[in-house]
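*Asks:* One structure, pasted below without further comment.
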Amino acid sequence: MAGENIPITRAGAEALKRELKRLKSVERPRNVQDISTARDHGDLRENAEYHAAKEKQSHIAGRIQMLEDRLARAEIIEVSKLTGDRVVFGATVRLEDTDSGQKAQYAIVGETEADLKKGRISVTSPIARGLIGREVGDTVTIRTPGGEREYEILEVLFVEYSADEEE
C-alpha cells in the first residue's frame, strides 16, 4: 500500500493537518519537557515517569510519521464539485432497508475520516463497497455482521462536511 494515493475529503485532510500541527507544536514540546523533568529525578532505571514519558515520545513520533505519510499520499476529492445519481467516493447516500423500511444515510469517506456515529463510513467498508457504482433506484444486497440485508438507494447527494464537525 506504500506509495498508493489515499482518497480523502478536504475536511478530512484539514483535520489531519490540525492534528499534525497540535502534535508538533503542543504535544511534542510538552513531552520533551516531561522527559527533562523526569530525568532530573535521578536513577532512570527505576523512574516510572521517565519511562512513561519516553513511551509517549515514541507514540507521538509514530503518529506524526503516520499523519505526514497520509497527507503526502492524500488525494483530496472535492465533493462539492461532484454530481450525478451514481454512488462514488464522497457521496452521501440515503438508503432504505427493504425489509424493515428503516432509512439510513451514510457519507462515503476515506479510512481516516470514518466515524459511524456521524454517519461517515470508510470507502473500504462492506456497505460502501456494495454501494460504489450503483445508482438511485438500485437495490443492493450487502453482507453485514447480522447477515445479508437489502437496501434501496433513495438519493445520492454530494455535500462536503465541514472540518468543524471533526472536533
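Each chain in the C-alpha cells gets a letter, A, B and so on, in the order shown; residues start at 1 in every chain, and ligands are counted from 1 in the order they appear.
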Taking the backbone alone, and naming residues the way the document does, which bits of chain A are strand (DSSP E or B) by DSSP, as a PyMOL selection string?
*Replies:* chain A and resi 6-9+74-77+86+92-97+103-109+115+120-122+135+139-144+147-157
*Asks:* Would you give me, as JSON lines, each residue of range 64-86 of chain A having an atom within 10 Å of an atom of range 135-152 of chain A, along with its shortest atom pair and that distance in Å to one decimal, using only C-alpha atoms and sorting by chain and residue number?
*Replies:*
```
{"residue": "A:Gly84", "atom": "CA", "partner": "A:Glu135", "partner_atom": "CA", "distance": 8.8}
{"residue": "A:Asp85", "atom": "CA", "partner": "A:Glu135", "partner_atom": "CA", "distance": 5.3}
{"residue": "A:Arg86", "atom": "CA", "partner": "A:Glu135", "partner_atom": "CA", "distance": 4.3}
```
*Asks:* Nearest residue to Val156 in chain A out of A:Gly90, A:Gly101, A:Pro126, A:Gly110, using only C-alpha atoms?
*Replies:*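 Using only C-alpha atoms, the shortest distance to Val156 in chain A belongs to A:Gly90.
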*Asks:* Residues of range 39-147 of chain A that approach range 29-33 of chain A to 10 Å or less, counting only C-alpha atoms: could you list each one with the shortest pair of atoms and its distance in Å to one decimal, rows by chain and increasing residue number, as CSV?
*Replies:*
```
residue,atom,partner,partner_atom,distance
A:Arg39,CA,A:Gln33,CA,9.8
A:Ala53,CA,A:Asn31,CA,6.4
A:Lys54,CA,A:Asn31,CA,8.2
A:Glu55,CA,A:Asn31,CA,10.0
A:Lys56,CA,A:Asn31,CA,7.3
A:Gln57,CA,A:Asn31,CA,6.4
A:Ile60,CA,A:Asn31,CA,8.8
```
*Asks:* Between A:Ile76, A:Ser125, A:Thr98, A:Arg134, which has the minimum distance to Asn5 in chain A (counting only C-alpha atoms)?
*Replies:*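 Closest candidate: A:Ile76.
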*Asks:* Can you work out which one of A:Arg94, A:Arg73, A:Arg45, A:Arg10 has the shortest atom-to-atom distance to Glu160 in chain A, counting only C-alpha atoms?
*Replies:*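 Smallest distance to Glu160 in chain A is found for A:Arg10.
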*Asks:* Write out as a PDB file with N, CA, C and O atoms, in the first residue's frame each polymer residue whose atoms come within 12 Å of Val88 in chain A, counting only C-alpha atoms; drop sequence neighbours fewer than 5 positions from it.
*Replies:*
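part.pdb, written as the output of this step:
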```pdb
ATOM      1  N   PRO A   7      -7.606   8.394  -1.027  1.00  0.00           N
ATOM      2  CA  PRO A   7      -8.669   9.383  -1.230  1.00  0.00           C
ATOM      3  C   PRO A   7      -9.128   9.939   0.118  1.00  0.00           C
ATOM      4  O   PRO A   7      -9.238   9.206   1.099  1.00  0.00           O
ATOM      5  N   ILE A  77     -10.421  14.877  -2.648  1.00  0.00           N
ATOM      6  CA  ILE A  77     -11.587  14.828  -3.531  1.00  0.00           C
ATOM      7  C   ILE A  77     -12.499  15.998  -3.167  1.00  0.00           C
ATOM      8  O   ILE A  77     -12.907  16.131  -2.015  1.00  0.00           O
ATOM      9  N   GLU A  78     -12.767  16.847  -4.141  1.00  0.00           N
ATOM     10  CA  GLU A  78     -13.656  17.995  -3.933  1.00  0.00           C
ATOM     11  C   GLU A  78     -15.097  17.524  -4.096  1.00  0.00           C
ATOM     12  O   GLU A  78     -15.642  17.506  -5.206  1.00  0.00           O
ATOM     13  N   VAL A  79     -15.700  17.140  -2.991  1.00  0.00           N
ATOM     14  CA  VAL A  79     -17.047  16.562  -3.016  1.00  0.00           C
ATOM     15  C   VAL A  79     -18.063  17.526  -3.621  1.00  0.00           C
ATOM     16  O   VAL A  79     -18.941  17.116  -4.385  1.00  0.00           O
ATOM     17  N   LEU A  82     -18.706  17.245  -7.333  1.00  0.00           N
ATOM     18  CA  LEU A  82     -19.228  16.001  -7.895  1.00  0.00           C
ATOM     19  C   LEU A  82     -20.733  16.125  -8.125  1.00  0.00           C
ATOM     20  O   LEU A  82     -21.421  16.847  -7.406  1.00  0.00           O
ATOM     21  N   THR A  83     -21.233  15.418  -9.132  1.00  0.00           N
ATOM     22  CA  THR A  83     -22.674  15.423  -9.409  1.00  0.00           C
ATOM     23  C   THR A  83     -23.094  14.052  -9.916  1.00  0.00           C
ATOM     24  O   THR A  83     -22.261  13.212 -10.207  1.00  0.00           O
ATOM     25  N   VAL A  93     -25.221   8.926   0.762  1.00  0.00           N
ATOM     26  CA  VAL A  93     -26.237   8.051   0.184  1.00  0.00           C
ATOM     27  C   VAL A  93     -27.360   7.839   1.188  1.00  0.00           C
ATOM     28  O   VAL A  93     -27.111   7.474   2.340  1.00  0.00           O
ATOM     29  N   TYR A 106     -25.483   7.573   4.801  1.00  0.00           N
ATOM     30  CA  TYR A 106     -24.038   7.436   5.013  1.00  0.00           C
ATOM     31  C   TYR A 106     -23.280   8.283   4.007  1.00  0.00           C
ATOM     32  O   TYR A 106     -23.633   8.317   2.821  1.00  0.00           O
ATOM     33  N   ALA A 107     -22.226   8.935   4.488  1.00  0.00           N
ATOM     34  CA  ALA A 107     -21.284   9.607   3.597  1.00  0.00           C
ATOM     35  C   ALA A 107     -20.110   8.647   3.425  1.00  0.00           C
ATOM     36  O   ALA A 107     -19.611   8.088   4.409  1.00  0.00           O
ATOM     37  N   ILE A 108     -19.673   8.452   2.200  1.00  0.00           N
ATOM     38  CA  ILE A 108     -18.558   7.546   1.924  1.00  0.00           C
ATOM     39  C   ILE A 108     -17.282   8.372   1.880  1.00  0.00           C
ATOM     40  O   ILE A 108     -17.119   9.238   1.016  1.00  0.00           O
ATOM     41  N   VAL A 109     -16.402   8.104   2.857  1.00  0.00           N
ATOM     42  CA  VAL A 109     -15.203   8.921   3.055  1.00  0.00           C
ATOM     43  C   VAL A 109     -13.960   8.034   3.146  1.00  0.00           C
ATOM     44  O   VAL A 109     -14.051   6.811   3.130  1.00  0.00           O
ATOM     45  N   GLY A 110     -12.806   8.673   3.304  1.00  0.00           N
ATOM     46  CA  GLY A 110     -11.550   7.943   3.459  1.00  0.00           C
ATOM     47  C   GLY A 110     -11.478   7.231   4.800  1.00  0.00           C
ATOM     48  O   GLY A 110     -12.214   7.559   5.732  1.00  0.00           O
ATOM     49  N   SER A 122     -16.142   4.294   5.897  1.00  0.00           N
ATOM     50  CA  SER A 122     -14.943   4.157   5.088  1.00  0.00           C
ATOM     51  C   SER A 122     -15.281   3.581   3.722  1.00  0.00           C
ATOM     52  O   SER A 122     -16.106   2.678   3.595  1.00  0.00           O
ATOM     53  N   VAL A 123     -14.606   4.084   2.714  1.00  0.00           N
ATOM     54  CA  VAL A 123     -14.781   3.608   1.349  1.00  0.00           C
ATOM     55  C   VAL A 123     -14.444   2.118   1.250  1.00  0.00           C
ATOM     56  O   VAL A 123     -14.916   1.434   0.339  1.00  0.00           O
ATOM     57  N   ALA A 128     -19.986   0.415   1.938  1.00  0.00           N
ATOM     58  CA  ALA A 128     -19.528   1.330   0.875  1.00  0.00           C
ATOM     59  C   ALA A 128     -19.149   0.555  -0.384  1.00  0.00           C
ATOM     60  O   ALA A 128     -19.522   0.955  -1.493  1.00  0.00           O
ATOM     61  N   ARG A 129     -18.456  -0.562  -0.213  1.00  0.00           N
ATOM     62  CA  ARG A 129     -18.060  -1.356  -1.392  1.00  0.00           C
ATOM     63  C   ARG A 129     -19.295  -1.855  -2.148  1.00  0.00           C
ATOM     64  O   ARG A 129     -19.285  -1.936  -3.377  1.00  0.00           O
ATOM     65  N   GLY A 130     -20.351  -2.166  -1.412  1.00  0.00           N
ATOM     66  CA  GLY A 130     -21.581  -2.618  -2.046  1.00  0.00           C
ATOM     67  C   GLY A 130     -22.336  -1.505  -2.760  1.00  0.00           C
ATOM     68  O   GLY A 130     -23.129  -1.769  -3.667  1.00  0.00           O
ATOM     69  N   LEU A 131     -22.097  -0.260  -2.355  1.00  0.00           N
ATOM     70  CA  LEU A 131     -22.822   0.880  -2.925  1.00  0.00           C
ATOM     71  C   LEU A 131     -22.096   1.551  -4.090  1.00  0.00           C
ATOM     72  O   LEU A 131     -22.748   2.083  -5.003  1.00  0.00           O
ATOM     73  N   ILE A 132     -20.768   1.548  -4.065  1.00  0.00           N
ATOM     74  CA  ILE A 132     -19.983   2.238  -5.099  1.00  0.00           C
ATOM     75  C   ILE A 132     -20.392   1.745  -6.487  1.00  0.00           C
ATOM     76  O   ILE A 132     -20.479   0.551  -6.735  1.00  0.00           O
ATOM     77  N   GLY A 133     -20.655   2.705  -7.371  1.00  0.00           N
ATOM     78  CA  GLY A 133     -21.001   2.376  -8.747  1.00  0.00           C
ATOM     79  C   GLY A 133     -22.491   2.175  -8.984  1.00  0.00           C
ATOM     80  O   GLY A 133     -22.947   2.126 -10.126  1.00  0.00           O
ATOM     81  N   ARG A 134     -23.272   2.064  -7.921  1.00  0.00           N
ATOM     82  CA  ARG A 134     -24.725   1.873  -8.056  1.00  0.00           C
ATOM     83  C   ARG A 134     -25.403   3.225  -8.214  1.00  0.00           C
ATOM     84  O   ARG A 134     -24.806   4.276  -7.982  1.00  0.00           O
ATOM     85  N   GLU A 135     -26.685   3.199  -8.580  1.00  0.00           N
ATOM     86  CA  GLU A 135     -27.421   4.432  -8.843  1.00  0.00           C
ATOM     87  C   GLU A 135     -28.698   4.504  -8.035  1.00  0.00           C
ATOM     88  O   GLU A 135     -29.165   3.499  -7.495  1.00  0.00           O
ATOM     89  N   VAL A 136     -29.291   5.714  -8.004  1.00  0.00           N
ATOM     90  CA  VAL A 136     -30.577   5.921  -7.354  1.00  0.00           C
ATOM     91  C   VAL A 136     -31.580   4.946  -7.960  1.00  0.00           C
ATOM     92  O   VAL A 136     -31.630   4.760  -9.170  1.00  0.00           O
ATOM     93  N   VAL A 156     -28.667  10.179  -3.862  1.00  0.00           N
ATOM     94  CA  VAL A 156     -27.216  10.354  -3.814  1.00  0.00           C
ATOM     95  C   VAL A 156     -26.972  11.857  -3.783  1.00  0.00           C
ATOM     96  O   VAL A 156     -27.396  12.581  -4.684  1.00  0.00           O
ATOM     97  N   LEU A 157     -26.334  12.308  -2.707  1.00  0.00           N
ATOM     98  CA  LEU A 157     -26.057  13.738  -2.516  1.00  0.00           C
ATOM     99  C   LEU A 157     -24.550  13.964  -2.473  1.00  0.00           C
ATOM    100  O   LEU A 157     -23.797  13.069  -2.089  1.00  0.00           O
ATOM    101  N   PHE A 158     -24.130  15.154  -2.831  1.00  0.00           N
ATOM    102  CA  PHE A 158     -22.714  15.500  -2.735  1.00  0.00           C
ATOM    103  C   PHE A 158     -22.593  16.735  -1.855  1.00  0.00           C
ATOM    104  O   PHE A 158     -22.719  17.858  -2.320  1.00  0.00           O
TER     105      PHE A 158
END
```
*Asks:* If I take CA of Glu4 in chain A and CA of Leu23 in chain A, how far is one from the other in Å, to one decimal?
*Replies:* 24.7 Å
*Asks:* What does the distance from CA of Ser58 in chain A to CA of Glu113 in chain A come to in Å, to one decimal?
*Replies:* 23.7 Å
*Asks:* For CA of Leu67 in chain A and CA of Lys117 in chain A, determine how far apart the two atoms are, in Å to one decimal place.
*Replies:* 22.6 Å
